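The structure appears below as structure tokens.
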Amino acid sequence: MIVGIGADLCSVERMKRALRSEHFRSRIFTPDETAYCESKGAGRFESYAASFAAREAFVKASGADFGAVMFGGNFALLRDDGVPKISLSGKLAMNDAKIFVSITHEKDYALAMIVIEKKGE
């Protein structure tokens, strides 16, 4: 049964400005996310924006604490052969849930959508 749906839109330009701060980058994104985004060269800001939007969408879908999702490394948007997936650990771990994620970006904006499904709910 679906127990949560969340979506978020992130401005690529806003993310580009935020990433001027290395402190912001290291507090929000995991090393794996940073490596992936940086591997995209000129498209890295779109990838960062998509990862940020996924965090916001997850907060909306799960009701999890904003700070727990944004900081601390317990949330990561990973790409498995190009397919996005969510990795959760620590207090965000959801062993009994299946999390579906879809991301897209086009020039000025990145969008993420999260659906959380649990059996027996």
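If you're wondering about the labels, chains in the structure tokens are A, B, ... by order shown, residues count from 1 in each chain, ligands from 1 in order shown.
Near Val3 in chain A, within 8 Å and counting only C-alpha atoms, sit Ala61, Ser62, Val115, Ile116, Glu117, Lys118 and Glu121 of chain A, not including residues fewer than 4 positions from it in the same chain.
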Checklist entry - Within 8 Å of range 41-45 of chain A, counting only C-alpha atoms, which residues qualify if same-chain residues fewer than 5 places away don't, as a list in words? => result Val12, Glu13, Met15 and Lys16 of chain A
Checklist entry - Near Tyr48 in chain A, counting only C-alpha atoms, which residues have an atom at most 10 Å away, once you skip same-chain residues fewer than 4 positions from it, shown as a PyMOL selection string? => result chain A and resi 10+12+15-16+19+25+28-29+33-34+36-38+40+43-44+52-54+77+110
Item to check | Which of range 6-57 of chain A fall in strand (DSSP E or B), as a PyMOL selection string | outcome: chain A and resi 6-11
May I have the residues from that selection written out with N, CA and C atoms, as a PDB file, in the first residue's frame?
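Writing the result to out09.pdb gives the following:
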ATOM      1  N   GLY A   6       5.647  12.352  -2.442  1.00  0.00           N
ATOM      2  CA  GLY A   6       6.195  13.701  -2.328  1.00  0.00           C
ATOM      3  C   GLY A   6       6.847  14.116  -3.620  1.00  0.00           C
ATOM      4  N   ALA A   7       6.803  15.402  -3.911  1.00  0.00           N
ATOM      5  CA  ALA A   7       7.450  15.944  -5.109  1.00  0.00           C
ATOM      6  C   ALA A   7       8.091  17.267  -4.741  1.00  0.00           C
ATOM      7  N   ASP A   8       9.164  17.600  -5.443  1.00  0.00           N
ATOM      8  CA  ASP A   8       9.798  18.887  -5.222  1.00  0.00           C
ATOM      9  C   ASP A   8      10.472  19.353  -6.504  1.00  0.00           C
ATOM     10  N   LEU A   9      10.481  20.665  -6.673  1.00  0.00           N
ATOM     11  CA  LEU A   9      11.103  21.331  -7.813  1.00  0.00           C
ATOM     12  C   LEU A   9      12.218  22.207  -7.268  1.00  0.00           C
ATOM     13  N   CYS A  10      13.396  22.131  -7.864  1.00  0.00           N
ATOM     14  CA  CYS A  10      14.547  22.904  -7.398  1.00  0.00           C
ATOM     15  C   CYS A  10      15.118  23.712  -8.559  1.00  0.00           C
ATOM     16  N   SER A  11      15.372  24.979  -8.313  1.00  0.00           N
ATOM     17  CA  SER A  11      15.999  25.851  -9.302  1.00  0.00           C
ATOM     18  C   SER A  11      17.477  25.503  -9.445  1.00  0.00           C
TER      19      SER A  11
END
Checklist outcome for this item: One decimal place gives the CA of Asp108 in chain A-CA of Ile5 in chain A separation as 23.7 Å
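Neighbours of range 89-94 of chain A closer than or equal to 7 Å, with only C-alpha atoms counted and sequence neighbours fewer than 2 positions away skipped, come out as A:Asn74, A:Phe75, A:Ser87, A:Asp96, A:Ala97.
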Would you put the residues from that selection into a file with N, CA, C and O atoms, as a compact mmCIF listing (two decimals), in the first residue's frame?
# COMPACT_ATOMS: atom_id res chain seq x y z
N ASN A 74 22.51 10.44 6.26
CA ASN A 74 21.62 9.28 6.33
C ASN A 74 20.73 9.12 5.11
O ASN A 74 19.98 8.16 5.02
N PHE A 75 20.81 10.06 4.19
CA PHE A 75 20.03 10.03 2.95
C PHE A 75 20.98 10.24 1.79
O PHE A 75 21.83 11.12 1.83
N SER A 87 19.09 5.67 -0.86
CA SER A 87 19.78 4.90 0.17
C SER A 87 19.53 5.61 1.50
O SER A 87 19.80 6.81 1.63
N ASP A 96 11.11 -1.82 6.13
CA ASP A 96 9.84 -2.41 5.73
C ASP A 96 9.18 -1.65 4.58
O ASP A 96 8.02 -1.88 4.27
N ALA A 97 9.93 -0.78 3.92
CA ALA A 97 9.34 0.04 2.86
C ALA A 97 10.11 -0.09 1.55
O ALA A 97 11.31 -0.36 1.55
Checklist entry - In range 16-51 of chain A, what's helix (DSSP H, G or I) per DSSP? Answer as a PyMOL selection string? => result chain A and resi 16-18+22-28+31-38+41-51
Checklist outcome for this item: Taken to one decimal, the CA of Asp32 in chain A-CA of Pro84 in chain A distance is 12.9 Å
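One distance worth recording is that between CA of Gly4 in chain A and CA of Glu46 in chain A, which is 25.3 Å.
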